[in-house]
>>> print(open('run-v3.cif').read())   # mmCIF, C-alpha atoms; chains and numbers go by the auth columns
data_start
#
loop_
_atom_site.group_PDB
_atom_site.id
_atom_site.type_symbol
_atom_site.label_atom_id
_atom_site.label_comp_id
_atom_site.label_asym_id
_atom_site.label_seq_id
_atom_site.Cartn_x
_atom_site.Cartn_y
_atom_site.Cartn_z
_atom_site.B_iso_or_equiv
_atom_site.auth_seq_id
_atom_site.auth_asym_id
ATOM 1 C CA MET A 1 -5.024 -16.986 -48.154 0.00 1 A
ATOM 2 C CA ALA A 2 -3.019 -17.906 -45.046 0.00 2 A
ATOM 3 C CA ALA A 3 -0.926 -15.173 -43.518 0.00 3 A
ATOM 4 C CA LYS A 4 2.340 -15.805 -41.711 0.00 4 A
ATOM 5 C CA TYR A 5 3.326 -13.580 -38.792 0.00 5 A
ATOM 6 C CA THR A 6 6.775 -12.965 -37.376 0.00 6 A
ATOM 7 C CA TRP A 7 7.119 -11.122 -34.081 0.00 7 A
ATOM 8 C CA SER A 8 9.774 -9.046 -32.304 0.00 8 A
ATOM 9 C CA LYS A 9 10.146 -6.876 -29.197 0.00 9 A
ATOM 10 C CA LEU A 10 7.537 -8.727 -27.122 0.00 10 A
ATOM 11 C CA THR A 11 6.797 -7.053 -23.777 0.00 11 A
ATOM 12 C CA LYS A 12 4.262 -7.808 -21.044 0.00 12 A
ATOM 13 C CA HIS A 13 3.340 -5.528 -18.168 0.00 13 A
ATOM 14 C CA ALA A 14 0.591 -5.139 -15.591 0.00 14 A
ATOM 15 C CA PHE A 15 -1.312 -1.886 -15.238 0.00 15 A
ATOM 16 C CA LEU A 16 -3.868 -0.408 -12.862 0.00 16 A
ATOM 17 C CA ALA A 17 -7.340 -0.639 -14.411 0.00 17 A
ATOM 18 C CA GLY A 18 -9.592 0.307 -11.487 0.00 18 A
ATOM 19 C CA VAL A 19 -9.469 1.645 -7.945 0.00 19 A
ATOM 20 C CA SER A 20 -12.039 2.194 -5.197 0.00 20 A
ATOM 21 C CA GLU A 21 -12.509 4.855 -2.594 0.00 21 A
ATOM 22 C CA PRO A 22 -11.100 3.757 0.790 0.00 22 A
ATOM 23 C CA HIS A 23 -13.292 1.468 2.909 0.00 23 A
ATOM 24 C CA VAL A 24 -12.838 2.209 6.620 0.00 24 A
ATOM 25 C CA LEU A 25 -13.612 -0.820 8.798 0.00 25 A
ATOM 26 C CA GLY A 26 -13.750 -0.703 12.590 0.00 26 A
ATOM 27 C CA LYS A 27 -12.779 -3.233 15.237 0.00 27 A
ATOM 28 C CA GLY A 28 -13.343 -6.802 14.071 0.00 28 A
ATOM 29 C CA GLY A 29 -13.237 -5.864 10.384 0.00 29 A
ATOM 30 C CA GLY A 30 -16.305 -6.245 8.243 0.00 30 A
ATOM 31 C CA GLY A 31 -17.515 -6.485 4.714 0.00 31 A
ATOM 32 C CA PHE A 32 -18.096 -4.303 1.667 0.00 32 A
ATOM 33 C CA THR A 33 -18.999 -4.750 -1.976 0.00 33 A
ATOM 34 C CA ASP A 34 -16.867 -4.165 -5.044 0.00 34 A
ATOM 35 C CA ALA A 35 -16.718 -0.484 -5.867 0.00 35 A
ATOM 36 C CA ALA A 36 -13.574 -0.115 -8.001 0.00 36 A
ATOM 37 C CA GLU A 37 -13.992 2.492 -10.723 0.00 37 A
ATOM 38 C CA PRO A 38 -12.041 2.410 -14.002 0.00 38 A
ATOM 39 C CA VAL A 39 -8.957 4.608 -14.319 0.00 39 A
ATOM 40 C CA PRO A 40 -7.085 5.598 -17.508 0.00 40 A
ATOM 41 C CA HIS A 41 -4.916 2.757 -18.780 0.00 41 A
ATOM 42 C CA PRO A 42 -3.414 1.320 -21.985 0.00 42 A
ATOM 43 C CA LYS A 43 -5.805 0.486 -24.806 0.00 43 A
ATOM 44 C CA ALA A 44 -5.762 -2.494 -27.139 0.00 44 A
ATOM 45 C CA LYS A 45 -4.786 -1.423 -30.646 0.00 45 A
ATOM 46 C CA VAL A 46 -3.180 -2.553 -33.863 0.00 46 A
ATOM 47 C CA THR A 47 -1.322 -0.064 -36.035 0.00 47 A
ATOM 48 C CA VAL A 48 0.057 -0.722 -39.497 0.00 48 A
ATOM 49 C CA GLU A 49 3.196 1.260 -40.230 0.00 49 A
ATOM 50 C CA GLN A 50 3.876 -0.158 -43.684 0.00 50 A
ATOM 51 C CA GLY A 51 1.863 -2.152 -46.198 0.00 51 A
ATOM 52 C CA PRO A 52 -1.831 -2.981 -46.533 0.00 52 A
ATOM 53 C CA ASP A 53 -4.267 -2.840 -43.608 0.00 53 A
ATOM 54 C CA VAL A 54 -4.788 -5.943 -41.494 0.00 54 A
ATOM 55 C CA ASP A 55 -7.697 -7.376 -39.487 0.00 55 A
ATOM 56 C CA PRO A 56 -6.961 -6.195 -35.911 0.00 56 A
ATOM 57 C CA ALA A 57 -8.777 -9.153 -34.320 0.00 57 A
ATOM 58 C CA ALA A 58 -6.733 -11.633 -36.390 0.00 58 A
ATOM 59 C CA VAL A 59 -3.476 -9.909 -35.431 0.00 59 A
ATOM 60 C CA VAL A 60 -4.349 -10.013 -31.714 0.00 60 A
ATOM 61 C CA ARG A 61 -5.275 -13.727 -31.985 0.00 61 A
ATOM 62 C CA LYS A 62 -1.832 -14.386 -33.488 0.00 62 A
ATOM 63 C CA LEU A 63 -0.208 -12.271 -30.747 0.00 63 A
ATOM 64 C CA GLU A 64 -2.103 -14.327 -28.165 0.00 64 A
ATOM 65 C CA ALA A 65 -0.685 -17.562 -29.603 0.00 65 A
ATOM 66 C CA TYR A 66 2.827 -16.112 -29.848 0.00 66 A
ATOM 67 C CA SER A 67 2.846 -14.715 -26.301 0.00 67 A
ATOM 68 C CA ASP A 68 1.443 -17.910 -24.700 0.00 68 A
ATOM 69 C CA LEU A 69 -1.158 -15.823 -22.846 0.00 69 A
ATOM 70 C CA LYS A 70 -4.747 -16.945 -23.002 0.00 70 A
ATOM 71 C CA ILE A 71 -7.760 -14.659 -23.276 0.00 71 A
ATOM 72 C CA LEU A 72 -6.073 -11.703 -24.902 0.00 72 A
ATOM 73 C CA TYR A 73 -8.490 -9.018 -26.087 0.00 73 A
ATOM 74 C CA GLY A 74 -8.126 -6.724 -29.049 0.00 74 A
ATOM 75 C CA PRO A 75 -9.478 -3.263 -29.890 0.00 75 A
ATOM 76 C CA GLY A 76 -13.071 -2.755 -28.714 0.00 76 A
ATOM 77 C CA GLU A 77 -13.426 -6.222 -27.178 0.00 77 A
ATOM 78 C CA ILE A 78 -13.066 -5.475 -23.446 0.00 78 A
ATOM 79 C CA GLU A 79 -12.310 -2.684 -21.048 0.00 79 A
ATOM 80 C CA PRO A 80 -10.337 -3.960 -18.020 0.00 80 A
ATOM 81 C CA GLY A 81 -11.563 -2.293 -14.854 0.00 81 A
ATOM 82 C CA ARG A 82 -15.172 -1.998 -15.994 0.00 82 A
ATOM 83 C CA SER A 83 -17.726 -3.968 -14.056 0.00 83 A
ATOM 84 C CA ASP A 84 -19.402 -6.797 -15.921 0.00 84 A
ATOM 85 C CA GLY A 85 -22.515 -6.293 -13.799 0.00 85 A
ATOM 86 C CA SER A 86 -21.575 -8.863 -11.169 0.00 86 A
ATOM 87 C CA VAL A 87 -21.153 -7.700 -7.582 0.00 87 A
ATOM 88 C CA LEU A 88 -18.331 -9.108 -5.495 0.00 88 A
ATOM 89 C CA SER A 89 -18.400 -8.968 -1.714 0.00 89 A
ATOM 90 C CA TYR A 90 -15.333 -8.888 0.488 0.00 90 A
ATOM 91 C CA THR A 91 -14.902 -9.631 4.186 0.00 91 A
ATOM 92 C CA MET A 92 -11.817 -8.394 5.959 0.00 92 A
ATOM 93 C CA PRO A 93 -10.969 -9.885 9.383 0.00 93 A
ATOM 94 C CA ALA A 94 -9.466 -6.784 11.009 0.00 94 A
ATOM 95 C CA ALA A 95 -9.996 -3.066 11.355 0.00 95 A
ATOM 96 C CA GLY A 96 -8.293 -0.969 8.738 0.00 96 A
ATOM 97 C CA VAL A 97 -8.577 1.185 5.676 0.00 97 A
ATOM 98 C CA TYR A 98 -8.898 -0.943 2.547 0.00 98 A
ATOM 99 C CA VAL A 99 -8.876 -0.144 -1.160 0.00 99 A
ATOM 100 C CA GLN A 100 -9.831 -2.400 -4.023 0.00 100 A
ATOM 101 C CA LEU A 101 -7.582 -2.515 -7.053 0.00 101 A
ATOM 102 C CA LYS A 102 -8.260 -4.049 -10.469 0.00 102 A
ATOM 103 C CA PHE A 103 -5.468 -4.885 -12.860 0.00 103 A
ATOM 104 C CA GLY A 104 -5.014 -5.611 -16.518 0.00 104 A
ATOM 105 C CA GLN A 105 -2.036 -6.875 -18.471 0.00 105 A
ATOM 106 C CA ALA A 106 -0.814 -5.390 -21.732 0.00 106 A
ATOM 107 C CA VAL A 107 1.068 -7.527 -24.231 0.00 107 A
ATOM 108 C CA GLU A 108 2.839 -5.673 -27.034 0.00 108 A
ATOM 109 C CA ALA A 109 4.967 -6.673 -30.001 0.00 109 A
ATOM 110 C CA ASP A 110 6.021 -5.551 -33.446 0.00 110 A
ATOM 111 C CA PHE A 111 4.763 -7.777 -36.257 0.00 111 A
ATOM 112 C CA ARG A 112 5.419 -8.525 -39.892 0.00 112 A
ATOM 113 C CA ARG A 113 2.677 -10.269 -41.860 0.00 113 A
ATOM 114 C CA THR A 114 3.418 -11.961 -45.157 0.00 114 A
ATOM 115 C CA CYS A 115 0.984 -13.625 -47.556 0.00 115 A
ATOM 116 C CA ARG A 116 1.333 -15.653 -50.730 0.00 116 A
ATOM 117 C CA GLY A 117 -0.017 -14.530 -54.052 0.00 117 A
ATOM 118 C CA GLY A 118 1.793 -11.230 -54.485 0.00 118 A
ATOM 119 C CA VAL A 119 0.183 -9.442 -51.511 0.00 119 A
ATOM 120 C CA PRO A 120 2.711 -6.971 -50.102 0.00 120 A
ATOM 121 C CA PRO A 121 3.851 -7.572 -46.502 0.00 121 A
ATOM 122 C CA SER A 122 2.464 -5.491 -43.642 0.00 122 A
ATOM 123 C CA GLN A 123 4.483 -4.285 -40.682 0.00 123 A
ATOM 124 C CA GLY A 124 3.176 -2.757 -37.511 0.00 124 A
ATOM 125 C CA HIS A 125 2.653 -2.890 -33.783 0.00 125 A
ATOM 126 C CA ALA A 126 -0.004 -4.745 -31.775 0.00 126 A
ATOM 127 C CA VAL A 127 -1.211 -4.263 -28.204 0.00 127 A
ATOM 128 C CA GLY A 128 -3.526 -6.842 -26.664 0.00 128 A
ATOM 129 C CA LEU A 129 -5.014 -6.704 -23.188 0.00 129 A
ATOM 130 C CA ARG A 130 -6.155 -9.256 -20.698 0.00 130 A
ATOM 131 C CA VAL A 131 -7.993 -8.967 -17.425 0.00 131 A
ATOM 132 C CA TYR A 132 -5.403 -9.729 -14.772 0.00 132 A
ATOM 133 C CA GLY A 133 -7.516 -9.751 -11.636 0.00 133 A
ATOM 134 C CA GLY A 134 -7.665 -7.624 -8.558 0.00 134 A
ATOM 135 C CA SER A 135 -6.830 -7.339 -4.922 0.00 135 A
ATOM 136 C CA THR A 136 -7.969 -5.661 -1.753 0.00 136 A
ATOM 137 C CA LEU A 137 -5.082 -3.800 -0.175 0.00 137 A
ATOM 138 C CA ASP A 138 -4.760 -2.572 3.405 0.00 138 A
ATOM 139 C CA CYS A 139 -3.547 1.029 3.458 0.00 139 A
ATOM 140 C CA THR A 140 -1.370 0.151 6.464 0.00 140 A
ATOM 141 C CA GLU A 141 0.709 -2.264 4.372 0.00 141 A
ATOM 142 C CA ALA A 142 3.163 -1.396 1.597 0.00 142 A
ATOM 143 C CA PRO A 143 2.339 -3.142 -1.709 0.00 143 A
ATOM 144 C CA GLU A 144 5.801 -4.755 -1.691 0.00 144 A
ATOM 145 C CA ALA A 145 4.989 -6.519 1.613 0.00 145 A
ATOM 146 C CA ALA A 146 1.911 -8.260 0.221 0.00 146 A
ATOM 147 C CA THR A 147 2.241 -11.767 -1.204 0.00 147 A
ATOM 148 C CA TRP A 148 -0.534 -11.735 -3.831 0.00 148 A
ATOM 149 C CA HIS A 149 1.644 -10.207 -6.572 0.00 149 A
ATOM 150 C CA ASP A 150 4.376 -12.883 -6.583 0.00 150 A
ATOM 151 C CA LYS A 151 6.996 -10.103 -6.695 0.00 151 A
ATOM 152 C CA ASP A 152 5.935 -9.054 -10.232 0.00 152 A
ATOM 153 C CA ARG A 153 7.517 -5.586 -10.404 0.00 153 A
ATOM 154 C CA THR A 154 4.953 -4.260 -12.901 0.00 154 A
ATOM 155 C CA LEU A 155 2.110 -5.426 -10.643 0.00 155 A
ATOM 156 C CA VAL A 156 3.729 -3.805 -7.598 0.00 156 A
ATOM 157 C CA ALA A 157 4.115 -0.559 -9.587 0.00 157 A
ATOM 158 C CA ALA A 158 0.433 -0.702 -10.595 0.00 158 A
ATOM 159 C CA ALA A 159 -0.556 -1.338 -6.959 0.00 159 A
ATOM 160 C CA ARG A 160 1.576 1.622 -5.848 0.00 160 A
ATOM 161 C CA LYS A 161 -0.265 3.832 -8.324 0.00 161 A
ATOM 162 C CA GLY A 162 -3.567 2.601 -6.864 0.00 162 A
ATOM 163 C CA VAL A 163 -2.650 3.265 -3.244 0.00 163 A
ATOM 164 C CA ARG A 164 -1.338 6.742 -4.147 0.00 164 A
ATOM 165 C CA ALA A 165 -4.734 7.475 -5.706 0.00 165 A
ATOM 166 C CA ALA A 166 -6.907 6.028 -2.939 0.00 166 A
ATOM 167 C CA CYS A 167 -5.219 5.640 0.458 0.00 167 A
ATOM 168 C CA PRO A 168 -5.489 8.551 2.902 0.00 168 A
ATOM 169 C CA SER A 169 -2.502 10.843 3.315 0.00 169 A
ATOM 170 C CA GLY A 170 -0.010 9.440 5.818 0.00 170 A
ATOM 171 C CA SER A 171 -0.908 5.794 5.186 0.00 171 A
ATOM 172 C CA ARG A 172 1.963 3.318 5.522 0.00 172 A
ATOM 173 C CA ALA A 173 1.081 1.941 2.075 0.00 173 A
ATOM 174 C CA LEU A 174 2.228 5.236 0.587 0.00 174 A
ATOM 175 C CA GLY A 175 5.736 4.799 1.976 0.00 175 A
ATOM 176 C CA LYS A 176 8.237 7.188 0.498 0.00 176 A
ATOM 177 C CA SER A 177 6.793 7.163 -3.009 0.00 177 A
#
>>> encode(input="run-v3.cif", output="structure tokens")
Amino acid sequence: MAAKYTWSKLTKHAFLAGVSEPHVLGKGGGGFTDAAEPVPHPKAKVTVEQGPDVDPAAVVRKLEAYSDLKILYGPGEIEPGRSDGSVLSYTMPAAGVYVQLKFGQAVEADFRRTCRGGVPPSQGHAVGLRVYGGSTLDCTEAPEAATWHDKDRTLVAAARKGVRAACPSGSRALGKS
């Protein structure tokens, strides 16, 4: 039985998924390995507010198609910010205090699912997540001054949260937050 979904109130926003301790590099810069640890963030979920239960994975797949975002994960499928076991190495060209930030993206919408054959409709809310990437940020630079975020306000806000958590007191990255 094929289900038809209609969607409303679609929103997308970046969030901080992981942050490292500060890496202090002396004259000439240097290298370090990925050490970002997960931080609390939104969770993928599907809630039914009216009607029969739905398959959460199927709802998130439909949300993925509706939102035009690829690789959207549903409940229990992925935890942005967690290491997948791979180790990334970074080399920074100058002295400074650097923090690593990992980001995710939440996609949310209300849904209504209808089916043929006398099955009552279901209404609810779905949240899917995707891994959004990461960045190494210099604590001497405000997140707004960096170019990696393409002026995405939700990504800048997530980066600000990361620098507040990790950069030493008095760092320029903290600004007047």
>>> resolve_selection(input="run-v3.cif", expression="the PyMOL selection byres ((chain A and resi 168) around 12)", output="list of chain:residue names")
A:Glu21, A:Pro22, A:His23, A:Val24, A:Gly96, A:Val97, A:Tyr98, A:Val99, A:Asp138, A:Cys139, A:Thr140, A:Gly162, A:Val163, A:Arg164, A:Ala165, A:Ala166, A:Cys167, A:Ser169, A:Gly170, A:Ser171, A:Arg172, A:Ala173, A:Leu174, A:Gly175
>>> resolve_selection(input="run-v3.cif", expression="the PyMOL selection byres ((chain A and resi 35) around 8)", output="MDAnalysis selection string")
chainID A and resid 19:21 33:34 36:37 100
>>> resolve_selection(input="run-v3.cif", expression="the PyMOL selection byres ((chain A and resi 109-112) around 6)", output="CSV table (one decimal) with C-alpha atoms, in the frame of the given file")
chain,number,residue,atom,x,y,z
A,5,TYR,CA,3.3,-13.6,-38.8
A,6,THR,CA,6.8,-13.0,-37.4
A,7,TRP,CA,7.1,-11.1,-34.1
A,8,SER,CA,9.8,-9.0,-32.3
A,9,LYS,CA,10.1,-6.9,-29.2
A,10,LEU,CA,7.5,-8.7,-27.1
A,108,GLU,CA,2.8,-5.7,-27.0
A,113,ARG,CA,2.7,-10.3,-41.9
A,122,SER,CA,2.5,-5.5,-43.6
A,123,GLN,CA,4.5,-4.3,-40.7
A,124,GLY,CA,3.2,-2.8,-37.5
A,125,HIS,CA,2.7,-2.9,-33.8
A,126,ALA,CA,0.0,-4.7,-31.8
>>> residues_around(input="run-v3.cif", residues="Ala159 (chain A)", least_positions_apart="2", cutoff="8 Å", atoms="all atoms listed in the file", output="PyMOL selection string")
chain A and resi 16+101+143+155-157+161-163
>>> write_last_selection(input="run-v3.cif", atoms="C-alpha atoms", output="PDB file, in the coordinates of the input")
ATOM      1  CA  LEU A  16      -3.868  -0.408 -12.862  1.00  0.00           C
ATOM      2  CA  LEU A 101      -7.582  -2.515  -7.053  1.00  0.00           C
ATOM      3  CA  PRO A 143       2.339  -3.142  -1.709  1.00  0.00           C
ATOM      4  CA  LEU A 155       2.110  -5.426 -10.643  1.00  0.00           C
ATOM      5  CA  VAL A 156       3.729  -3.805  -7.598  1.00  0.00           C
ATOM      6  CA  ALA A 157       4.115  -0.559  -9.587  1.00  0.00           C
ATOM      7  CA  LYS A 161      -0.265   3.832  -8.324  1.00  0.00           C
ATOM      8  CA  GLY A 162      -3.567   2.601  -6.864  1.00  0.00           C
ATOM      9  CA  VAL A 163      -2.650   3.265  -3.244  1.00  0.00           C
TER      10      VAL A 163
END
>>> closest_residue(input="run-v3.cif", among="A:Gly128, A:Gly118, A:Gly134, A:Gly29", to="Ala17 (chain A)", atoms="all atoms listed in the file")
A:Gly134
>>> atom_distance(input="run-v3.cif", atom1="CA of Pro38 (chain A)", atom2="CA of Lys12 (chain A)")
20.5 Å
>>> closest_residue(input="run-v3.cif", among="A:Gly74, A:Thr136, A:Phe103, A:Glu49", to="Arg61 (chain A)", atoms="only C-alpha atoms")
A:Gly74
>>> closest_residue(input="run-v3.cif", among="A:Leu137, A:Ala2, A:Val46, A:Leu72", to="Val119 (chain A)", atoms="only C-alpha atoms")
A:Ala2
>>> atom_distance(input="run-v3.cif", atom1="CA of Ala57 (chain A)", atom2="CA of Asp152 (chain A)")
28.2 Å
>>> atom_distance(input="run-v3.cif", atom1="CA of Tyr73 (chain A)", atom2="CA of Pro121 (chain A)")
23.9 Å
>>> residues_around(input="run-v3.cif", residues="Leu25 (chain A)", least_positions_apart="5", cutoff="10 Å", atoms="all atoms listed in the file", output="PDB file with C-alpha atoms, in the coordinates of the input")
ATOM      1  CA  GLY A  30     -16.305  -6.245   8.243  1.00  0.00           C
ATOM      2  CA  GLY A  31     -17.515  -6.485   4.714  1.00  0.00           C
ATOM      3  CA  PHE A  32     -18.096  -4.303   1.667  1.00  0.00           C
ATOM      4  CA  MET A  92     -11.817  -8.394   5.959  1.00  0.00           C
ATOM      5  CA  PRO A  93     -10.969  -9.885   9.383  1.00  0.00           C
ATOM      6  CA  ALA A  94      -9.466  -6.784  11.009  1.00  0.00           C
ATOM      7  CA  ALA A  95      -9.996  -3.066  11.355  1.00  0.00           C
ATOM      8  CA  GLY A  96      -8.293  -0.969   8.738  1.00  0.00           C
ATOM      9  CA  VAL A  97      -8.577   1.185   5.676  1.00  0.00           C
ATOM     10  CA  TYR A  98      -8.898  -0.943   2.547  1.00  0.00           C
TER      11      TYR A  98
END
>>> closest_residue(input="run-v3.cif", among="A:Ala142, A:Val60, A:Val54, A:Val39", to="Val107 (chain A)", atoms="only C-alpha atoms")
A:Val60
